[in-house]
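Q: For reference, the structure I am asking about is given below.
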Amino acid sequence: MRLYAESGVSWAAIGWGPVFAVVGALAELVTGGPVHVVGWLLVGLGLCVITMPWVYARRRFLSLEVTTEQLRQGREKVPAAQIADVTDVGTPVGARVLGGGWSVPRKYDSLPVKLADGTVVLAWAKDVEALRDALDRLVRATGGQA
């Protein structure tokens with residue numbers, strides 16, 4: 001069962017390019033100049049095509065999910081049984097960041113998580129309080145120390 005999730009970005013972001021192209025074509029129409037329909041179609045298609053890898057990458061590497069079985073941060077998965085505590089956990093220098101990055105992604109907040117072996121890792125989320133609440137419920141359900 002899913003306790004919390006963040007997608008990284010919505011697939012709706014792919015629609016920004018075509019919307020920009022429509023606005024551009026309408027601006028040409030309103031100003032009385034020639035409307036370059038083919039040009040605006042190519043702009044909309046081009047922006048849509050270059051946005052797709054960006055959306056795919058953000059959904060793959062910046063998504064997170066807390067289920068009753070695991071915490072998934074990007075491509076990394078931590079089984080629920082390995083999560084020991086999420087409250088009053090200090091952040092030691094050099095703590096490993098979940099998800100495979102060198103640091104917490106920009107515009108995300110970090111949450112220190114103590115694992116069953118005593119190590120502390122950094123989880124991250126845009127809404128770190130909701131992540132803490134979900135992990136706290138998970139720890140209590142699996143018999144952790146929270």
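Chain lettering (A, B, ...) mirrors the order of the structure tokens, residue numbering begins at 1 for each chain separately, and ligand numbering begins at 1 in order of display.
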Determine which residues of chain A DSSP labels as strand (DSSP E) from the backbone of this structure, then write them out as a ChimeraX atom specification.
A: /A:2-6,64-67,70-73,76-79,83-85,96-97,109-115,120-125
Q: Write out, as CSV, each residue of range 43-121 of chain A that has an atom at most 6 Å from range 12-30 of chain A, together with the closest pair of atoms and their distance in Å to one decimal, counting only C-alpha atoms, rows going by chain and rising number.
A:
```
residue,atom,partner,partner_atom,distance
A:Gly44,CA,A:Pro18,CA,4.1
A:Leu47,CA,A:Gly17,CA,4.7
A:Cys48,CA,A:Gly17,CA,5.3
A:Thr51,CA,A:Ile14,CA,5.8
```
Q: Considering only C-alpha atoms, can you say which of A:Glu6, A:Asp127, A:Leu135, A:Phe61 comes closest to Glu76 in chain A?
A: A:Phe61
Q: How far is it from CA of Gln82 in chain A to CA of Gly101 in chain A, in Å with one decimal?
A: 20.2 Å
Q: Which residue gives the smallest distance to Gly8 in chain A among A:Val93, A:Lys107, A:Thr119, A:Glu69, with only C-alpha atoms counted?
A: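 So, comparing all the options, the nearest one is A:Lys107.
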Q: From a backbone DSSP assignment, name each residue in range 91-132 of chain A labelled alpha helix (DSSP H), as a ChimeraX atom specification.
A: /A:128-132
Q: Measure the distance from CA of Arg140 in chain A to CA of Gly99 in chain A in Å and round it to one decimal.
A: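 CA of Gly99 in chain A lies 23.5 Å from CA of Arg140 in chain A.
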Q: Using Å and a single decimal, report how far CA of Val78 in chain A sits from CA of Asp117 in chain A.
A: 12.5 Å
Q: Can you tell me, as a ChimeraX atom specification, what residues are no more than 12 Å from Arg106 in chain A when counting only C-alpha atoms, ignoring any on the same chain fewer than 3 positions away?
A: /A:8,62,101-103,109-110,124-126
Q: Any idea what's packed within 8 Å of Thr68 in chain A, counting only C-alpha atoms, ignoring anything in its chain fewer than 4 positions away? Could you give it as a PDB file with N, CA and C atoms, in the first residue's frame?
A:
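selection-v3.pdb, written as the output of this step:
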```pdb
ATOM      1  N   MET A   1       0.839  -1.173   0.000  1.00  0.00           N
ATOM      2  CA  MET A   1       0.000   0.000   0.000  1.00  0.00           C
ATOM      3  C   MET A   1       0.887   1.240   0.000  1.00  0.00           C
ATOM      4  N   ARG A   2       0.549   2.221  -0.802  1.00  0.00           N
ATOM      5  CA  ARG A   2       1.313   3.456  -0.918  1.00  0.00           C
ATOM      6  C   ARG A   2       0.975   4.392   0.246  1.00  0.00           C
ATOM      7  N   LEU A   3       2.021   4.844   0.947  1.00  0.00           N
ATOM      8  CA  LEU A   3       1.847   5.777   2.051  1.00  0.00           C
ATOM      9  C   LEU A   3       2.137   7.215   1.636  1.00  0.00           C
ATOM     10  N   ALA A  80      11.538  -1.854   4.001  1.00  0.00           N
ATOM     11  CA  ALA A  80      10.944  -1.274   5.207  1.00  0.00           C
ATOM     12  C   ALA A  80      11.590  -1.820   6.476  1.00  0.00           C
ATOM     13  N   LEU A 138       5.500   3.961   8.806  1.00  0.00           N
ATOM     14  CA  LEU A 138       6.113   2.728   8.321  1.00  0.00           C
ATOM     15  C   LEU A 138       6.975   2.070   9.406  1.00  0.00           C
TER      16      LEU A 138
END
```
Q: Which one is closest to Gln70 in chain A: A:Leu131, A:Ile83, A:Val89, A:Ile50? Count only C-alpha atoms.
A: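 Of A:Leu131, A:Ile83, A:Val89, A:Ile50, the one nearest Gln70 in chain A, counting only C-alpha atoms, is A:Ile83.
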Q: Check the smallest atom-to-atom distance from each of A:Asp88, A:Thr67, A:Gly74, A:Trp11 to Val55 in chain A using only C-alpha atoms, then report the winner.
A: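 Nearest to Val55 in chain A: A:Trp11.
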